[in-house]
>>> print(open('work15.txt').read())   # compact mmCIF, C-alpha atoms (C1' of nucleotides)
# COMPACT_ATOMS: atom_id res chain seq x y z
CA MET A 252 87.93 114.60 57.79
CA ALA A 253 89.15 111.35 56.30
CA GLU A 254 91.57 109.75 58.72
CA PRO A 255 95.00 109.66 57.06
CA SER A 256 95.57 106.01 57.96
CA PRO A 257 97.64 106.57 61.08
CA LYS A 258 100.21 103.85 60.55
CA HIS A 259 102.14 105.42 63.37
CA ASP A 260 100.37 107.04 66.29
CA VAL A 261 101.57 109.97 68.34
CA PHE A 262 102.46 107.94 71.40
CA GLN A 263 104.75 105.73 69.41
CA ALA A 264 106.17 108.65 67.46
CA ILE A 265 107.34 110.56 70.51
CA ALA A 266 108.67 107.46 72.25
CA ASP A 267 112.03 107.85 70.54
CA PRO A 268 114.36 110.56 71.89
CA THR A 269 115.75 111.34 68.45
CA ARG A 270 112.25 112.07 67.21
CA ARG A 271 111.55 114.32 70.17
CA ARG A 272 114.70 116.25 69.33
CA LEU A 273 113.51 116.48 65.74
CA LEU A 274 110.26 118.05 66.84
CA ARG A 275 112.11 120.64 68.87
CA LEU A 276 114.44 121.41 66.01
CA LEU A 277 111.64 121.80 63.47
CA ASP A 278 109.67 123.92 65.87
CA ASP A 279 112.06 126.76 65.22
CA GLN A 280 112.35 126.57 61.48
CA GLU A 281 111.40 124.71 58.37
CA MET A 282 114.43 122.78 57.18
CA PRO A 283 115.58 120.44 54.40
CA VAL A 284 116.66 116.91 55.25
CA THR A 285 120.40 117.40 54.80
CA VAL A 286 120.46 120.35 57.17
CA ILE A 287 118.32 118.49 59.68
CA SER A 288 120.51 115.41 59.63
CA GLY A 289 123.53 117.61 60.26
CA HIS A 290 122.24 117.95 63.81
CA PHE A 291 122.27 114.23 64.51
CA PRO A 292 125.01 111.65 64.90
CA MET A 293 123.57 109.28 62.32
CA THR A 294 123.19 108.99 58.59
CA ARG A 295 120.85 111.15 56.56
CA THR A 296 118.84 108.05 55.68
CA ALA A 297 118.27 107.24 59.33
CA VAL A 298 117.03 110.75 60.03
CA SER A 299 114.86 110.52 56.95
CA LYS A 300 113.17 107.43 58.32
CA HIS A 301 112.49 109.15 61.60
CA LEU A 302 110.98 112.04 59.69
CA ARG A 303 108.74 109.62 57.85
CA ILE A 304 107.47 108.19 61.11
CA LEU A 305 106.76 111.68 62.40
CA ALA A 306 104.99 112.49 59.14
CA ASP A 307 102.88 109.33 59.44
CA ALA A 308 101.82 110.49 62.87
CA GLY A 309 100.99 113.89 61.40
CA LEU A 310 103.51 115.65 63.62
CA VAL A 311 105.47 117.00 60.71
CA LYS A 312 104.59 118.31 57.27
CA GLU A 313 106.77 118.02 54.21
CA LYS A 314 107.02 120.45 51.33
CA LYS A 315 108.96 119.70 48.17
CA VAL A 316 111.02 122.68 47.02
CA GLY A 317 113.12 121.98 44.01
CA ARG A 318 115.28 119.02 44.77
CA GLU A 319 114.96 119.35 48.50
CA THR A 320 112.24 118.33 50.91
CA ARG A 321 111.59 120.75 53.72
CA TYR A 322 110.00 119.68 56.95
CA ARG A 323 108.18 121.69 59.54
CA LEU A 324 106.44 120.91 62.79
CA ASP A 325 102.71 120.38 62.97
CA PRO A 326 101.86 120.23 66.66
CA GLU A 327 98.19 119.43 66.15
CA PRO A 328 98.41 115.68 66.88
CA LEU A 329 99.94 116.51 70.23
CA LEU A 330 96.45 117.51 71.26
CA GLU A 331 95.59 113.85 71.49
CA LEU A 332 98.42 113.41 73.96
CA LYS A 333 97.20 116.46 75.80
CA ARG A 334 93.71 115.04 76.06
CA TRP A 335 95.04 111.68 77.21
CA LEU A 336 97.08 113.39 79.86
CA ALA A 337 94.18 115.57 80.91
CA TYR A 338 92.53 112.48 82.36
CA TYR A 339 95.18 112.44 85.08
CA GLU A 340 95.05 116.16 85.60
CA ARG A 341 93.01 115.78 88.75
CA TYR A 342 95.94 114.13 90.45
CA TRP A 343 98.08 117.22 90.57
CA GLU A 344 95.32 119.75 90.45
CA ASN A 345 94.84 120.13 94.18
CA LYS A 346 98.21 119.74 95.82
CA LEU A 347 98.87 116.44 94.12
CA GLY A 348 97.01 113.83 96.07
CA ALA A 349 94.00 115.27 97.77
CA LEU A 350 91.58 114.03 95.17
CA LYS A 351 93.56 110.85 94.83
CA ARG A 352 92.91 109.98 98.43
CA TYR A 353 89.27 110.88 97.93
CA VAL A 354 88.91 108.54 94.97
CA GLU A 355 90.61 105.77 96.86
CA SER A 356 88.23 106.16 99.77
CA GLU A 357 85.34 106.09 97.31
CA ALA A 358 86.60 102.79 95.98
CA ASP A 359 86.32 101.32 99.45
CA SER A 360 82.63 102.06 99.75
CA MET O 430 116.64 111.24 96.03
CA ALA O 431 118.74 108.58 94.34
CA GLU O 432 117.37 108.04 90.88
CA PRO O 433 116.00 104.49 90.62
CA SER O 434 117.89 103.78 87.38
CA PRO O 435 115.07 104.49 84.93
CA LYS O 436 115.62 101.56 82.64
CA HIS O 437 112.36 102.48 80.97
CA ASP O 438 111.28 106.07 80.57
CA VAL O 439 107.76 107.41 80.60
CA PHE O 440 107.62 108.10 76.87
CA GLN O 441 108.48 104.55 76.07
CA ALA O 442 106.19 103.18 78.75
CA ILE O 443 103.07 104.86 77.43
CA ALA O 444 103.88 104.07 73.81
CA ASP O 445 102.15 100.72 74.07
CA PRO O 446 98.32 100.73 74.02
CA THR O 447 98.11 97.79 76.42
CA ARG O 448 100.14 99.71 78.96
CA ARG O 449 97.94 102.77 78.57
CA ARG O 450 94.92 100.58 79.26
CA LEU O 451 96.71 99.21 82.30
CA LEU O 452 97.19 102.69 83.66
CA ARG O 453 93.53 103.45 83.26
CA LEU O 454 92.54 100.21 84.90
CA LEU O 455 94.82 100.69 87.88
CA ASP O 456 93.69 104.27 88.27
CA ASP O 457 90.42 103.00 89.67
CA GLN O 458 91.67 100.35 92.03
CA GLU O 459 94.65 98.49 93.32
CA MET O 460 94.59 95.00 91.85
CA PRO O 461 96.52 91.71 91.91
CA VAL O 462 98.10 90.43 88.73
CA THR O 463 95.63 87.63 88.02
CA VAL O 464 92.66 89.97 88.23
CA ILE O 465 94.43 92.53 86.06
CA SER O 466 95.31 90.01 83.39
CA GLY O 467 91.68 88.94 83.27
CA HIS O 468 91.02 92.21 81.50
CA PHE O 469 93.42 91.51 78.66
CA PRO O 470 93.48 89.04 75.78
CA MET O 471 96.93 87.72 76.57
CA THR O 472 98.65 85.55 79.12
CA ARG O 473 99.22 86.56 82.70
CA THR O 474 102.96 86.49 82.07
CA ALA O 475 102.65 88.98 79.24
CA VAL O 476 100.64 91.35 81.40
CA SER O 477 103.17 90.88 84.16
CA LYS O 478 105.95 92.01 81.86
CA HIS O 479 104.01 95.11 80.89
CA LEU O 480 103.53 95.84 84.58
CA ARG O 481 107.25 95.54 85.12
CA ILE O 482 107.93 98.08 82.39
CA LEU O 483 105.42 100.45 83.95
CA ALA O 484 107.03 99.88 87.34
CA ASP O 485 110.46 100.62 85.88
CA ALA O 486 109.11 103.90 84.61
CA GLY O 487 107.68 104.58 88.06
CA LEU O 488 104.14 104.73 86.75
CA VAL O 489 102.97 101.90 88.93
CA LYS O 490 103.74 100.73 92.45
CA GLU O 491 103.67 97.14 93.62
CA LYS O 492 102.78 95.87 97.05
CA LYS O 493 103.20 92.24 98.07
CA VAL O 494 100.22 90.94 100.01
CA GLY O 495 100.47 87.29 100.92
CA ARG O 496 101.02 85.36 97.76
CA GLU O 497 99.70 88.08 95.51
CA THR O 498 101.26 91.24 94.15
CA ARG O 499 98.96 94.21 93.98
CA TYR O 500 99.57 97.08 91.62
CA ARG O 501 98.36 100.63 91.75
CA LEU O 502 98.86 103.71 89.61
CA ASP O 503 101.45 106.31 90.46
CA PRO O 504 100.80 109.23 88.11
CA GLU O 505 103.79 111.26 89.24
CA PRO O 506 106.09 110.44 86.30
CA LEU O 507 103.42 111.73 83.96
CA LEU O 508 104.47 115.18 85.08
CA GLU O 509 107.53 114.83 82.92
CA LEU O 510 105.28 114.25 79.95
CA LYS O 511 103.20 117.20 81.01
CA ARG O 512 106.26 119.40 81.15
CA TRP O 513 107.45 118.19 77.78
CA LEU O 514 104.07 118.92 76.32
CA ALA O 515 103.91 122.32 77.97
CA TYR O 516 106.60 123.49 75.57
CA TYR O 517 104.07 123.31 72.75
CA GLU O 518 101.31 124.84 74.79
CA ARG O 519 101.71 128.19 73.06
CA TYR O 520 100.50 126.64 69.82
CA TRP O 521 96.95 126.13 70.98
CA GLU O 522 96.88 128.80 73.59
CA ASN O 523 95.53 131.53 71.34
CA LYS O 524 93.06 129.99 68.95
CA LEU O 525 95.50 127.36 67.76
CA GLY O 526 97.63 128.92 65.11
CA ALA O 527 97.91 132.61 65.68
CA LEU O 528 101.32 132.31 67.25
CA LYS O 529 102.22 129.60 64.83
CA ARG O 530 101.75 131.89 61.90
CA TYR O 531 103.70 134.54 63.73
CA VAL O 532 106.66 132.23 64.27
CA GLU O 533 106.57 131.17 60.67
CA SER O 534 106.66 134.74 59.45
CA GLU O 535 109.59 135.35 61.79
CA ALA O 536 111.46 132.51 60.12
CA ASP O 537 111.12 134.25 56.77
CA SER O 538 112.89 137.35 57.89
C1' DT K 535 125.18 118.15 28.57
C1' DT K 536 127.63 116.81 32.11
C1' DG K 537 128.20 116.68 36.65
C1' DA K 538 127.09 117.42 41.51
C1' DC K 539 123.44 117.70 44.90
C1' DG K 540 119.30 116.16 47.69
C1' DC K 541 116.70 112.67 48.62
C1' DG K 542 114.01 108.12 48.99
C1' DA K 543 113.86 103.02 48.15
C1' DA K 544 115.80 98.65 48.91
C1' DA K 545 118.37 95.26 50.99
C1' DC K 546 120.47 94.07 54.85
C1' DC K 547 121.72 93.57 59.95
C1' DA K 548 121.63 93.53 65.22
C1' DT K 549 118.80 94.46 68.91
C1' DT K 550 114.48 95.21 71.15
C1' DT K 551 109.76 94.17 71.75
C1' DG K 552 105.69 91.68 72.69
C1' DG K 553 104.21 87.52 73.05
C1' DT K 554 104.32 82.37 74.32
C1' DT K 555 105.14 77.94 77.21
C1' DT K 556 107.43 75.69 80.88
C1' DC K 557 109.19 75.53 85.33
C1' DG K 558 110.25 76.84 90.30
C1' DT K 559 108.94 78.79 94.51
C1' DA K 560 106.39 80.99 98.12
C1' DT K 561 101.99 81.27 100.32
C1' DA K 562 97.28 79.74 101.43
C1' DA K 563 93.73 76.20 101.96
C1' DT K 564 92.23 71.25 103.08
C1' DA F 766 101.25 67.08 104.92
C1' DT F 767 99.43 67.74 100.69
C1' DT F 768 97.45 70.27 97.21
C1' DA F 769 96.06 74.45 94.92
C1' DT F 770 96.97 79.34 93.98
C1' DA F 771 99.73 83.50 92.63
C1' DC F 772 103.44 84.87 90.67
C1' DG F 773 108.20 85.61 88.49
C1' DA F 774 112.19 83.72 85.88
C1' DA F 775 113.88 81.59 81.88
C1' DA F 776 114.04 80.07 77.38
C1' DC F 777 112.28 80.72 73.25
C1' DC F 778 110.13 82.94 68.95
C1' DA F 779 108.34 86.22 65.28
C1' DA F 780 108.02 90.73 64.21
C1' DA F 781 109.19 95.50 64.76
C1' DT F 782 112.80 98.97 65.43
C1' DG F 783 116.81 101.68 64.56
C1' DG F 784 120.54 101.73 62.15
C1' DT F 785 123.69 100.95 57.95
C1' DT F 786 125.34 100.89 52.85
C1' DT F 787 124.25 100.89 48.08
C1' DC F 788 121.71 102.37 44.29
C1' DG F 789 118.65 105.23 41.27
C1' DC F 790 116.36 109.28 40.05
C1' DG F 791 114.95 114.10 39.72
C1' DT F 792 116.82 118.77 39.90
C1' DC F 793 120.04 122.55 39.87
C1' DA F 794 124.70 124.37 38.28
C1' DA F 795 128.91 124.64 35.02
>>> encode(input="work15.txt", output="structure tokens")
Amino acid sequence: MAEPSPKHDVFQAIADPTRRRLLRLLDDQEMPVTVISGHFPMTRTAVSKHLRILADAGLVKEKKVGRETRYRLDPEPLLELKRWLAYYERYWENKLGALKRYVESEADS
Amino acid sequence: MAEPSPKHDVFQAIADPTRRRLLRLLDDQEMPVTVISGHFPMTRTAVSKHLRILADAGLVKEKKVGRETRYRLDPEPLLELKRWLAYYERYWENKLGALKRYVESEADS
DNA sequence: TTGACGCGAAACCATTTGGTTTCGTATAAT
DNA sequence: ATTATACGAAACCAAATGGTTTCGCGTCAA
């Protein structure tokens, strides 16, 4: 279970819209870099750097096949985001605000 | 319903760990800036700028009371994050990976 | 074996980010 | 009326970010 030295965390990784598009794209299929970068209005190198950031965050896995590197989505790290978000779940659980008002009244006492 | 010109979006807002801590802190209680900044190892001005970014993203509301500005959490914009995340929900819906393997086998055909 | 292809590394650049200190101003307290 | 408090604005700075072009290297094709 050795932590893979998360130089980039999930929150930071998904902050960029290009990287979110990458995740969506790679959700459908595994793809080599050149094909991937064909979907974006920037150089292959730029896309490659985004892919590296996603890989650092564990959101994407790379597989070398011949001279190409294929990437595919690994959604697992999104669970951390899900857990983080779950904390606020209570806010929109019961008609978005009932519990909120309750908590606020608790804070007064 | 005029969009308040979202200079900062939710994804970017929660990318910073300090801002995530701010959200947690303000979830409990409404607080003035000086009190808030007492919880962080940086200047009041720095915290104030983080609060502005959160406010831009709509994650926090400010209320002027006398000479102080009180902030409180507004979790509503987190729904966008929730919706974005919901797209990947199918991955861990059924034992985390069953569907994933299915999709991958689809890609082969 | 000689190219062409697929890719990352490196160097570079402009802009953004996260922080600081200093200052101005509005409000509250004495 | 004067002083202290609460805060934002502004100017500034170092580092990170998102992008580029150039180069080198491994791999497949002629």
>>> residues_near_point(input="work15.txt", point="(127.5, 98.4, 51.0)", cutoff="12 Å", atoms="only C-alpha atoms (C1' of nucleotides)", output="PyMOL selection string")
(chain K and resi 544-547) or (chain F and resi 785-788)
>>> closest_residue(input="work15.txt", among="K:DC541, K:DA562, K:DC557, K:DA548", to="chain O", atoms="all atoms listed in the file")
K:DA562
>>> atom_distance(input="work15.txt", atom1="atom CA of Lys478 of chain O", atom2="atom CA of Leu455 of chain O")
15.3 Å
>>> closest_residue(input="work15.txt", among="K:DG552, K:DG558, K:DT535, K:DG540", to="DG773 of chain F", atoms="only C-alpha atoms (C1' of nucleotides)")
K:DG558
>>> interface_residues(input="work15.txt", of="chain K", to="chain O", cutoff="7 Å", atoms="all atoms listed in the file", output="PyMOL selection string")
chain K and resi 553+560-561
>>> interface_residues(input="work15.txt", of="chain F", to="chain O", cutoff="9 Å", atoms="all atoms listed in the file", output="PyMOL selection string")
chain F and resi 770-773
>>> interface_residues(input="work15.txt", of="chain O", to="chain A", cutoff="9 Å", atoms="only C-alpha atoms", output="ChimeraX atom specification")
/O:438-446,456-458,504-505,507-508,510-511,514,517,520-521,525,532-533,536
>>> atom_distance(input="work15.txt", atom1="atom C1' of DT549 of chain K", atom2="atom C1' of DG783 of chain F")
8.7 Å
>>> atom_distance(input="work15.txt", atom1="atom CA of Glu522 of chain O", atom2="atom CA of Arg303 of chain A")
27.5 Å
>>> closest_residue(input="work15.txt", among="O:His437, O:His468, O:Lys490, O:Arg499", to="Arg450 of chain O", atoms="all atoms listed in the file")
O:His468
>>> residues_near_point(input="work15.txt", point="(129.6, 118.5, 38.6)", cutoff="12 Å", atoms="all atoms listed in the file", output="list in words")
DT535, DT536, DG537, DA538 and DC539 of chain K; DC793, DA794 and DA795 of chain F
